[in-house]
Each structure stands twice: as C-alpha cells, then as structure tokens.
$ cat protein_12.txt   # compact mmCIF, C-alpha atoms and all ligand atoms
# COMPACT_ATOMS: atom_id res chain seq x y z
CA MET A 1 34.52 -47.46 -15.62
CA ARG A 2 32.53 -47.37 -12.45
CA TYR A 3 35.28 -45.44 -10.66
CA GLN A 4 35.41 -42.90 -13.45
CA THR A 5 31.69 -42.31 -13.36
CA VAL A 6 31.71 -41.69 -9.62
CA THR A 7 34.61 -39.26 -9.91
CA GLY A 8 32.78 -37.55 -12.74
CA SER A 9 29.69 -36.97 -10.62
CA ILE A 10 31.68 -35.69 -7.67
CA LEU A 11 33.42 -33.21 -9.91
CA LEU A 12 30.12 -32.16 -11.40
CA ALA A 13 28.61 -31.80 -7.94
CA LEU A 14 31.53 -29.66 -6.81
CA THR A 15 31.28 -27.42 -9.83
CA LEU A 16 27.56 -26.95 -9.29
CA THR A 17 27.81 -26.36 -5.55
CA ALA A 18 30.69 -23.90 -5.48
CA PRO A 19 28.94 -20.85 -7.01
CA THR A 20 25.72 -21.55 -5.09
CA MET A 21 27.58 -21.54 -1.80
CA ALA A 22 29.26 -18.26 -2.66
CA GLY A 23 25.80 -16.86 -3.50
CA ALA A 24 24.34 -18.14 -0.23
CA GLN A 25 26.98 -16.28 1.76
CA GLN A 26 25.98 -12.99 0.17
CA GLN A 27 22.26 -13.59 0.34
CA GLN A 28 20.23 -10.69 1.76
CA PHE A 29 16.61 -10.88 2.86
CA VAL A 30 14.18 -8.07 2.23
CA THR A 31 10.69 -8.12 3.71
CA ILE A 32 8.00 -5.81 2.38
CA GLY A 33 5.00 -4.98 4.59
CA THR A 34 1.73 -4.70 2.65
CA GLY A 35 -1.94 -4.91 3.73
CA GLY A 36 -4.81 -7.41 3.71
CA VAL A 37 -4.72 -10.11 1.03
CA THR A 38 -7.78 -8.76 -0.84
CA GLY A 39 -6.36 -5.22 -1.23
CA VAL A 40 -3.85 -3.81 -3.71
CA TYR A 41 -0.85 -3.45 -1.35
CA TYR A 42 -0.46 -7.21 -1.06
CA PRO A 43 -0.28 -7.85 -4.82
CA ALA A 44 1.88 -4.70 -5.15
CA GLY A 45 4.43 -6.14 -2.71
CA GLY A 46 4.19 -9.48 -4.50
CA ALA A 47 4.81 -7.82 -7.88
CA ILE A 48 7.87 -5.93 -6.60
CA CYS A 49 9.32 -9.09 -5.03
CA ARG A 50 8.69 -11.14 -8.14
CA LEU A 51 10.77 -8.75 -10.23
CA VAL A 52 13.52 -8.57 -7.59
CA ASN A 53 13.69 -12.35 -7.17
CA GLN A 54 13.98 -13.06 -10.88
CA ASP A 55 17.53 -11.63 -10.79
CA ARG A 56 18.48 -13.21 -7.49
CA ASP A 57 21.48 -14.99 -9.02
CA GLU A 58 22.98 -11.61 -9.84
CA HIS A 59 22.34 -9.63 -6.65
CA GLY A 60 21.66 -12.30 -3.99
CA ILE A 61 18.53 -10.56 -2.64
CA ARG A 62 15.60 -12.72 -1.51
CA CYS A 63 12.48 -10.56 -1.35
CA SER A 64 9.23 -11.54 0.36
CA ALA A 65 5.93 -9.68 0.75
CA GLU A 66 4.01 -10.06 3.99
CA SER A 67 0.29 -9.44 4.57
CA THR A 68 -0.08 -6.95 7.46
CA GLY A 69 -2.63 -4.66 9.14
CA GLY A 70 -1.77 -1.83 6.70
CA SER A 71 0.00 1.55 6.54
CA VAL A 72 0.31 2.51 10.19
CA PHE A 73 1.38 -1.02 11.14
CA ASN A 74 4.01 -0.96 8.36
CA LEU A 75 5.40 2.41 9.41
CA ASN A 76 5.71 1.24 13.02
CA ALA A 77 7.34 -2.04 11.98
CA ILE A 78 9.86 -0.21 9.74
CA ARG A 79 10.65 2.15 12.63
CA GLN A 80 11.27 -0.84 14.91
CA GLY A 81 13.45 -2.55 12.30
CA GLU A 82 11.01 -5.46 11.88
CA LEU A 83 10.29 -4.70 8.22
CA ASP A 84 12.78 -3.42 5.63
CA MET A 85 10.30 -1.78 3.31
CA GLY A 86 6.55 -1.21 3.14
CA VAL A 87 3.62 0.17 1.18
CA VAL A 88 2.02 3.06 3.07
CA GLN A 89 -0.42 5.89 2.46
CA SER A 90 1.13 9.27 1.65
CA ASP A 91 -0.64 10.95 4.60
CA TRP A 92 0.81 8.53 7.15
CA GLN A 93 4.25 8.65 5.54
CA TYR A 94 4.13 12.40 6.16
CA HIS A 95 2.99 12.07 9.76
CA SER A 96 5.48 9.35 10.66
CA TYR A 97 8.41 11.32 9.27
CA HIS A 98 7.30 14.52 11.02
CA GLY A 99 6.04 12.93 14.26
CA THR A 100 2.58 14.47 13.95
CA SER A 101 -1.04 13.26 14.30
CA GLN A 102 -1.04 9.50 15.15
CA PHE A 103 2.75 9.62 15.54
CA GLU A 104 2.96 12.55 17.95
CA ASP A 105 3.74 10.37 20.98
CA GLN A 106 6.52 8.50 19.17
CA GLY A 107 8.04 11.62 17.68
CA ALA A 108 9.55 12.14 14.24
CA HIS A 109 10.98 9.08 12.49
CA GLU A 110 13.89 10.89 10.90
CA GLU A 111 15.35 7.71 9.40
CA LEU A 112 12.22 7.07 7.31
CA ARG A 113 12.95 7.25 3.57
CA ALA A 114 10.69 7.50 0.52
CA VAL A 115 11.39 5.14 -2.38
CA PHE A 116 8.63 5.81 -4.95
CA SER A 117 4.91 6.40 -5.14
CA LEU A 118 2.37 3.99 -6.57
CA HIS A 119 -1.35 4.19 -7.43
CA PRO A 120 -3.92 6.70 -6.09
CA GLU A 121 -6.17 5.49 -3.27
CA PRO A 122 -9.56 7.18 -3.15
CA LEU A 123 -11.36 6.90 0.21
CA THR A 124 -14.02 4.46 -0.92
CA LEU A 125 -17.38 4.21 0.83
CA VAL A 126 -19.18 0.93 0.07
CA VAL A 127 -22.78 0.46 1.29
CA ARG A 128 -25.54 -2.12 1.26
CA PRO A 129 -28.15 -1.38 -1.41
CA ASP A 130 -30.91 -1.36 1.25
CA SER A 131 -29.02 0.94 3.64
CA GLY A 132 -30.51 4.23 2.39
CA ILE A 133 -27.02 5.79 2.51
CA GLU A 134 -26.50 8.32 -0.28
CA GLY A 135 -23.88 10.58 1.28
CA ILE A 136 -21.75 10.76 4.40
CA GLU A 137 -24.43 12.60 6.42
CA ASP A 138 -26.57 9.46 6.11
CA LEU A 139 -23.95 7.45 8.01
CA ARG A 140 -25.14 8.76 11.38
CA GLY A 141 -26.86 5.98 13.32
CA LYS A 142 -25.59 3.28 10.91
CA ARG A 143 -23.29 0.30 11.42
CA VAL A 144 -20.00 1.33 9.86
CA ASN A 145 -16.71 -0.54 9.58
CA VAL A 146 -14.04 2.05 10.36
CA GLY A 147 -11.24 -0.49 9.88
CA ASN A 148 -8.69 -2.25 12.05
CA PRO A 149 -6.26 -0.18 14.11
CA GLY A 150 -3.00 -0.12 12.11
CA SER A 151 -4.73 0.29 8.76
CA GLY A 152 -4.44 3.47 6.75
CA GLN A 153 -8.21 3.73 6.32
CA ARG A 154 -8.80 3.61 10.05
CA ALA A 155 -6.37 6.45 10.66
CA THR A 156 -7.71 8.52 7.74
CA VAL A 157 -11.36 7.92 8.63
CA ASP A 158 -10.72 8.88 12.28
CA LEU A 159 -9.04 12.07 11.08
CA MET A 160 -12.00 12.85 8.81
CA LEU A 161 -14.50 12.22 11.63
CA ASP A 162 -12.49 14.54 13.84
CA GLU A 163 -12.59 17.28 11.19
CA LEU A 164 -16.35 16.78 10.85
CA GLY A 165 -16.76 17.03 14.62
CA TRP A 166 -18.08 13.45 14.74
CA SER A 167 -16.90 10.41 16.66
CA HIS A 168 -17.54 6.66 16.57
CA ASP A 169 -20.52 7.35 18.86
CA ASP A 170 -22.32 8.91 15.91
CA PHE A 171 -22.61 5.39 14.45
CA ALA A 172 -24.86 2.62 15.82
CA LEU A 173 -21.76 0.44 15.53
CA ALA A 174 -18.16 1.29 14.64
CA SER A 175 -16.64 -2.08 13.83
CA GLU A 176 -12.90 -2.65 13.47
CA LEU A 177 -12.78 -5.47 10.95
CA PRO A 178 -9.66 -5.84 8.80
CA SER A 179 -10.10 -5.22 5.07
CA ARG A 180 -10.23 -8.93 4.17
CA GLU A 181 -13.41 -9.38 6.31
CA GLN A 182 -15.39 -6.27 5.44
CA ALA A 183 -17.04 -7.49 2.20
CA GLN A 184 -18.42 -10.60 3.88
CA ALA A 185 -19.67 -8.58 6.89
CA LEU A 186 -21.47 -6.20 4.52
CA CYS A 187 -23.11 -9.00 2.55
CA ASP A 188 -24.06 -10.85 5.77
CA ASP A 189 -25.87 -7.67 6.93
CA ARG A 190 -23.62 -7.26 9.95
CA ILE A 191 -22.64 -3.74 8.83
CA ASP A 192 -24.32 -1.14 6.57
CA ALA A 193 -21.16 0.40 5.17
CA PHE A 194 -17.40 0.25 5.14
CA PHE A 195 -14.59 2.63 4.26
CA PHE A 196 -11.46 1.49 2.41
CA THR A 197 -8.61 3.63 1.06
CA VAL A 198 -7.62 1.43 -1.84
CA GLY A 199 -6.52 1.48 -5.48
CA HIS A 200 -9.03 0.61 -8.22
CA PRO A 201 -10.05 -1.79 -9.47
CA SER A 202 -9.66 -3.94 -6.39
CA GLY A 203 -10.99 -7.41 -5.59
CA SER A 204 -12.01 -6.10 -2.18
CA ILE A 205 -14.58 -3.78 -3.80
CA GLN A 206 -15.54 -6.06 -6.67
CA GLU A 207 -16.49 -8.88 -4.28
CA PRO A 208 -19.40 -7.19 -2.39
CA ILE A 209 -20.67 -5.65 -5.64
CA ALA A 210 -20.80 -9.08 -7.26
CA THR A 211 -22.07 -10.91 -4.16
CA CYS A 212 -24.76 -8.58 -2.76
CA ASP A 213 -25.15 -5.61 -5.14
CA ALA A 214 -23.17 -3.29 -2.88
CA GLU A 215 -22.92 0.31 -4.08
CA LEU A 216 -20.26 3.01 -4.03
CA VAL A 217 -21.27 6.36 -2.52
CA SER A 218 -19.59 9.76 -2.99
CA VAL A 219 -17.75 11.21 0.00
CA GLU A 220 -18.22 14.97 -0.23
CA HIS A 221 -18.38 17.72 2.38
CA GLU A 222 -17.15 21.30 2.66
CA VAL A 223 -14.92 20.28 5.57
CA ILE A 224 -13.24 17.80 3.22
CA ASP A 225 -12.78 20.53 0.60
CA GLU A 226 -10.95 22.61 3.20
CA LEU A 227 -8.83 19.65 4.26
CA VAL A 228 -7.82 18.93 0.66
CA ALA A 229 -7.05 22.61 0.01
CA ASP A 230 -4.84 22.84 3.11
CA THR A 231 -2.95 19.55 2.83
CA PRO A 232 -0.41 18.64 0.13
CA TYR A 233 -0.91 14.86 0.38
CA TYR A 234 -4.71 14.88 0.03
CA PHE A 235 -6.52 15.37 -3.28
CA HIS A 236 -10.00 15.17 -4.75
CA ALA A 237 -10.48 11.84 -6.51
CA THR A 238 -13.03 10.29 -8.82
CA ILE A 239 -13.78 6.62 -9.27
CA PRO A 240 -14.90 6.79 -12.91
CA ALA A 241 -18.22 5.30 -14.00
CA GLY A 242 -17.80 1.76 -15.25
CA MET A 243 -14.89 0.87 -12.96
CA TYR A 244 -17.10 -1.88 -11.50
CA PRO A 245 -20.07 -3.75 -12.98
CA GLY A 246 -23.30 -1.79 -12.50
CA GLN A 247 -21.51 1.41 -11.43
CA ASP A 248 -22.86 3.81 -14.05
CA GLU A 249 -21.95 7.13 -12.43
CA ASP A 250 -18.70 8.77 -11.36
CA VAL A 251 -18.12 8.55 -7.63
CA ASN A 252 -16.59 11.72 -6.20
CA THR A 253 -14.43 11.44 -3.16
CA TRP A 254 -10.99 12.39 -1.89
CA GLY A 255 -7.93 10.38 -1.21
CA VAL A 256 -4.26 9.75 -0.79
CA GLY A 257 -1.48 8.08 -2.74
CA ALA A 258 0.02 4.68 -2.06
CA THR A 259 3.76 5.05 -1.55
CA PHE A 260 6.70 2.71 -1.07
CA VAL A 261 9.04 3.48 1.81
CA SER A 262 12.07 2.17 3.68
CA SER A 263 14.53 3.53 6.22
CA THR A 264 18.22 4.30 6.48
CA ASN A 265 18.57 0.86 8.16
CA THR A 266 18.15 -0.74 4.75
CA GLU A 267 21.35 -0.62 2.71
CA ALA A 268 21.52 1.66 -0.31
CA ASP A 269 22.64 -1.21 -2.57
CA VAL A 270 19.57 -3.24 -1.64
CA VAL A 271 17.14 -0.36 -2.27
CA TYR A 272 18.96 0.37 -5.54
CA GLU A 273 18.37 -3.22 -6.72
CA VAL A 274 14.70 -3.17 -5.66
CA VAL A 275 14.06 0.12 -7.49
CA SER A 276 15.90 -0.98 -10.60
CA ALA A 277 13.97 -4.30 -10.67
CA VAL A 278 10.72 -2.29 -10.89
CA PHE A 279 11.91 0.51 -13.18
CA GLU A 280 13.90 -1.68 -15.58
CA ASN A 281 10.89 -4.00 -15.99
CA PHE A 282 8.31 -1.26 -15.90
CA GLU A 283 5.82 -2.59 -18.46
CA THR A 284 5.86 -6.02 -16.80
CA PHE A 285 5.33 -4.37 -13.42
CA LYS A 286 2.35 -2.36 -14.69
CA GLY A 287 0.85 -5.51 -16.15
CA LEU A 288 0.88 -7.25 -12.76
CA HIS A 289 -2.16 -5.34 -11.39
CA PRO A 290 -4.83 -3.26 -13.17
CA ALA A 291 -4.53 -0.52 -10.51
CA PHE A 292 -1.00 0.15 -11.89
CA ASP A 293 -2.32 1.00 -15.39
CA ALA A 294 -1.82 4.76 -15.17
CA LEU A 295 1.56 4.74 -13.41
CA ASN A 296 4.38 6.71 -14.94
CA LYS A 297 7.98 6.88 -13.80
CA GLU A 298 8.29 10.67 -13.53
CA GLN A 299 5.28 10.93 -11.21
CA MET A 300 6.40 7.96 -9.14
CA VAL A 301 9.65 9.74 -8.33
CA GLU A 302 7.89 12.96 -7.33
CA ASP A 303 4.33 12.55 -6.06
CA GLY A 304 3.32 12.09 -2.44
CA LEU A 305 6.85 11.68 -1.10
CA SER A 306 7.31 13.67 2.11
CA ALA A 307 10.27 11.82 3.60
CA PRO A 308 13.63 12.32 1.82
CA LEU A 309 14.42 9.86 -0.97
CA HIS A 310 16.41 6.80 0.09
CA GLU A 311 20.05 7.08 -0.99
CA GLY A 312 19.80 3.89 -3.07
CA ALA A 313 16.64 5.07 -4.85
CA LYS A 314 18.18 8.48 -5.53
CA ARG A 315 21.25 6.86 -7.06
CA TYR A 316 19.08 4.85 -9.46
CA TYR A 317 16.91 7.87 -10.42
CA GLU A 318 20.00 10.00 -11.11
CA GLU A 319 21.54 7.31 -13.28
CA ALA A 320 18.25 6.83 -15.14
CA GLY A 321 17.90 10.59 -15.73
CA LEU A 322 14.72 10.79 -13.68
CA LEU A 323 16.13 13.33 -11.21
N1 LIG B 1 -4.59 1.88 2.20
C1 LIG B 1 -4.74 0.72 3.04
C2 LIG B 1 -3.89 0.87 4.27
O1 LIG B 1 -3.06 1.73 4.31
C3 LIG B 1 -4.41 -0.58 2.34
C4 LIG B 1 -4.95 -0.73 0.97
C5 LIG B 1 -4.61 -2.04 0.31
O2 LIG B 1 -4.49 -3.06 1.02
O3 LIG B 1 -4.47 -2.02 -0.90
O4 LIG B 1 -3.98 0.16 5.20
$ encode --input "protein_12.txt" --output "structure tokens"
Amino acid sequence: MRYQTVTGSILLALTLTAPTMAGAQQQQFVTIGTGGVTGVYYPAGGAICRLVNQDRDEHGIRCSAESTGGSVFNLNAIRQGELDMGVVQSDWQYHSYHGTSQFEDQGAHEELRAVFSLHPEPLTLVVRPDSGIEGIEDLRGKRVNVGNPGSGQRATVDLMLDELGWSHDDFALASELPSREQAQALCDDRIDAFFFTVGHPSGSIQEPIATCDAELVSVEHEVIDELVADTPYYFHATIPAGMYPGQDEDVNTWGVGATFVSSTNTEADVVYEVVSAVFENFETFKGLHPAFDALNKEQMVEDGLSAPLHEGAKRYYEEAGLL
C-alpha cells in the first residue's frame, strides 16, 4: 500500500512538472518602462502586463512594468537594449526616431517602432492657491518645478521655454523633482508651481488639490498657438471642468499623446502577443484606469505614431481589420 502511494505521487509529480519545464524553457521576459508611480504611465504599464501575464501558460511571456524617470529615459533605455518596450510622449517618439531636438547628438534611432497610442496628455500647470499665478506670464520670478531630466515634461517644458525666449533663469527657482515628489513640494510651500504632462484624471494632480487646494491654470500663448499649428504631434487640449473636485472651469492648454513603443530588437511574436492581450481584452483594459475611458482602437492604431509600426503590431492590426 505504502509503496503504491509513493509511486503514485512520483507519477503525479512527473506529470505536473513536465509541461511546466517545457514552458520554462520557452519563457520570454518583457520589461516595459513607464514613469513615476503616481502618474498614469506606471498603471498603464501595469495594466498591459496584467493582461499579457494572464495568458502566460499559452505564450510563455512574463511581462513586468518598471517605474522610471519617464519618456526620454525610456527612449534611451530602449535604444540601449535595456528595456523592451516603453510608454513615451508622442513628441519625444518623433524626435528619437528622427534624431532631432534632444536626440540630435545621438542621431536617428531607426530601429524604434511604434506599437499603439494611448491617452492624451495635456501639459498641466498646477499652482499653490496663494501663488497669484493665473497664466504662464505670472511664472516669472516664481519657484517652478520643471521636472527631472529624463521626463517628458522636462523636455517639453524646456522646449516651450525656448520658444518663448525664456530660460530657467526667469524663475526664482527651477527645481528638478521627479513627478512623485512634486505634489508634496507644492503643499510644503517649497515650490509655487509644477508642470506635468499627464493623462487625466491622475492621482498626481488629485493629491495636491485634495491636500492643499492646489489649482490648475491654463497654459496659453500665441507662441504656443504657432507651435501647435506647425507640429503634427502637438494639439490644443482642454481639461474639462469637473475633472477634479473644486475645478469648476475648463482649463485650456496644449499637449501630446502618450504612446507605446518598442524596437526591432523585440521579436515580432512577442509584440504581437502584447498587442493582442490589450486589444482582445479591450473593455477590461479600459476599465483599469479612468484616463483610458475615451480610448478607441482605430485611433490607437493611427494617432501620434511617427516611427513605423512594429512588425508584430502590424500583423495583429491587419488580422483584426484595423489596418
Ligand atoms: N508624460 C510623462 C513623461 O513622459 C509621464 C506621465 C505619467 O507618468 O503618466 O515623463
């Protein structure tokens, strides 16, 4: 009896182990670069990975989302082969692929590939209620968080300042705090304002509004109108009244799109599985963050993508009739 039981368990163990070992041999790791933990990129990466990982037994892909410094960091890490995929702003996707602006010294990253676009990211100016800031002209002489190097907002704000003919010297302080620290700095009165290119609603904006009555201010200027008119990946954007508690007016600004990118280093089959995990579970995906509410598949395949589509993404879109 005893002998039989032992044999039974060994057989059972062998049966259970065999397929797992085969799976382990084929396992592929995919790392997605995102942004600070209080933004939307981080939960976006988490949502994508969650949908990929739920079918791991079928495709063997283990997806993980990493908090990073943001768009420019992600694009550099993908170029260096340290990240497989990443969430990046449409403007910096363009510049990395073409080797322009911030990426002029490095040259064009011809292997960069677009996968799909995500939510819009208005350039959001958040100020202390006692700061007296009602428009961007009022920022002169104030303490402003321009963002950490590597973040999309830092690169976009620097570009805007350049267009305006301003520099960091026009501020009493130009701090470089990462997005996860800016709300606290504002509420502690260490800065008067911060800029964040982020989807809405976002915890990073909700927090200073709830904690210290922070306010959103419109970002309007004729120089910005010209920039938007001349540039395909910039657009006028409105944060509608009521997006956050106490915000009873529309906030007019301009912005970019969040996009999801990879490179030719990442296999087509892997990108195909990642895209199909999101598109085949689309309603679930949209439900994973309120900033995804307005997403639709057709736009995601078209908008804000300057680099060529990744081969694996293209294959999925053709099969799904989206291209
Ligand atoms: N747009 C920001 C960046 O590129 C990140 C926004 C977010 O974390 O949601 O760095």
$ closest_residue --input "protein_12.txt" --among "A:Tyr244, A:Phe195, A:Trp166, A:Phe171" --to "ligand LIG 1 (chain B)" --atoms "all atoms listed in the file"
A:Phe195
$ closest_residue --input "protein_12.txt" --among "A:Ser101, A:Asn145, A:Ser131, A:Thr259" --to "Asp213 of chain A" --atoms "all atoms listed in the file"
A:Ser131
$ residues_near_ligand --input "protein_12.txt" --ligand "ligand LIG 1 (chain B)" --cutoff "10 Å" --atoms "all atoms listed in the file" --output "ChimeraX atom specification"
/A:34-45,67-75,87-92,119-123,147-156,178-180,196-200,202-204,255-259,291
$ residues_around --input "protein_12.txt" --residues "Ile224 of chain A" --least-positions-apart "3" --cutoff "10 Å" --atoms "all atoms listed in the file" --output "PDB file with C-alpha atoms, in the frame of the given file"
ATOM      1  CA  MET A 160     -12.000  12.850   8.810  1.00  0.00           C
ATOM      2  CA  GLU A 163     -12.590  17.280  11.190  1.00  0.00           C
ATOM      3  CA  LEU A 164     -16.350  16.780  10.850  1.00  0.00           C
ATOM      4  CA  VAL A 219     -17.750  11.210   0.000  1.00  0.00           C
ATOM      5  CA  GLU A 220     -18.220  14.970  -0.230  1.00  0.00           C
ATOM      6  CA  HIS A 221     -18.380  17.720   2.380  1.00  0.00           C
ATOM      7  CA  LEU A 227      -8.830  19.650   4.260  1.00  0.00           C
ATOM      8  CA  VAL A 228      -7.820  18.930   0.660  1.00  0.00           C
ATOM      9  CA  ALA A 229      -7.050  22.610   0.010  1.00  0.00           C
ATOM     10  CA  ASP A 230      -4.840  22.840   3.110  1.00  0.00           C
ATOM     11  CA  TYR A 234      -4.710  14.880   0.030  1.00  0.00           C
ATOM     12  CA  PHE A 235      -6.520  15.370  -3.280  1.00  0.00           C
ATOM     13  CA  HIS A 236     -10.000  15.170  -4.750  1.00  0.00           C
ATOM     14  CA  THR A 253     -14.430  11.440  -3.160  1.00  0.00           C
ATOM     15  CA  TRP A 254     -10.990  12.390  -1.890  1.00  0.00           C
TER      16      TRP A 254
END
$ closest_residue --input "protein_12.txt" --among "A:Cys212, A:Cys187, A:Gln27, A:Ser262" --to "Gln80 of chain A" --atoms "all atoms listed in the file"
A:Ser262
$ residues_around --input "protein_12.txt" --residues "Thr284 of chain A" --least-positions-apart "5" --cutoff "12 Å" --atoms "all atoms listed in the file" --output "PDB file with C-alpha atoms, keeping the file's coordinate frame"
ATOM      1  CA  ALA A  47       4.810  -7.820  -7.880  1.00  0.00           C
ATOM      2  CA  ILE A  48       7.870  -5.930  -6.600  1.00  0.00           C
ATOM      3  CA  ARG A  50       8.690 -11.140  -8.140  1.00  0.00           C
ATOM      4  CA  LEU A  51      10.770  -8.750 -10.230  1.00  0.00           C
ATOM      5  CA  ALA A 277      13.970  -4.300 -10.670  1.00  0.00           C
ATOM      6  CA  VAL A 278      10.720  -2.290 -10.890  1.00  0.00           C
ATOM      7  CA  PHE A 279      11.910   0.510 -13.180  1.00  0.00           C
ATOM      8  CA  HIS A 289      -2.160  -5.340 -11.390  1.00  0.00           C
ATOM      9  CA  PRO A 290      -4.830  -3.260 -13.170  1.00  0.00           C
ATOM     10  CA  PHE A 292      -1.000   0.150 -11.890  1.00  0.00           C
ATOM     11  CA  ASP A 293      -2.320   1.000 -15.390  1.00  0.00           C
TER      12      ASP A 293
END
$ closest_residue --input "protein_12.txt" --among "A:His98, A:Val271, A:Gly135, A:Met300" --to "Thr31 of chain A" --atoms "all atoms listed in the file"
A:Val271
$ atom_distance --input "protein_12.txt" --atom1 "atom CA of Leu186 of chain A" --atom2 "atom CA of Val126 of chain A"
8.7 Å
$ atom_distance --input "protein_12.txt" --atom1 "atom CA of Tyr97 of chain A" --atom2 "atom CA of Ala307 of chain A"
6.0 Å
$ atom_distance --input "protein_12.txt" --atom1 "atom CA of Gly287 of chain A" --atom2 "atom CA of Pro201 of chain A"
13.3 Å
$ residues_around --input "protein_12.txt" --residues "Thr264 of chain A" --least-positions-apart "3" --cutoff "7 Å" --atoms "only C-alpha atoms" --output "list in words"
Glu111, Leu112, Arg113 and Glu267 of chain A
$ residues_near_point --input "protein_12.txt" --point "(14.9, 2.1, -7.8)" --cutoff "9 Å" --atoms "all atoms listed in the file" --output "list in words"
Val115, Phe116, Val271, Tyr272, Glu273, Val274, Val275, Ser276, Ala277, Val278, Phe279, Glu280, Gly312, Ala313, Lys314, Arg315, Tyr316 and Tyr317 of chain A
$ closest_residue --input "protein_12.txt" --among "A:Val146, A:Thr211, A:Ser263, A:Gln206" --to "Gln247 of chain A" --atoms "all atoms listed in the file"
A:Gln206
$ closest_residue --input "protein_12.txt" --among "A:Asp84, A:His95, A:Ser64, A:Ile78" --to "Gly107 of chain A" --atoms "only C-alpha atoms"
A:His95
$ residues_around --input "protein_12.txt" --residues "Pro245 of chain A" --least-positions-apart "2" --cutoff "8 Å" --atoms "all atoms listed in the file" --output "list in words"
Ile209, Ala210, Gly242, Met243 and Gln247 of chain A
$ residues_around --input "protein_12.txt" --residues "Leu139 of chain A" --least-positions-apart "4" --cutoff "12 Å" --atoms "all atoms listed in the file" --output "number ranges by chain"
A: 125-128, 131-135, 143-146, 161, 166-174, 191-195, 217, 219
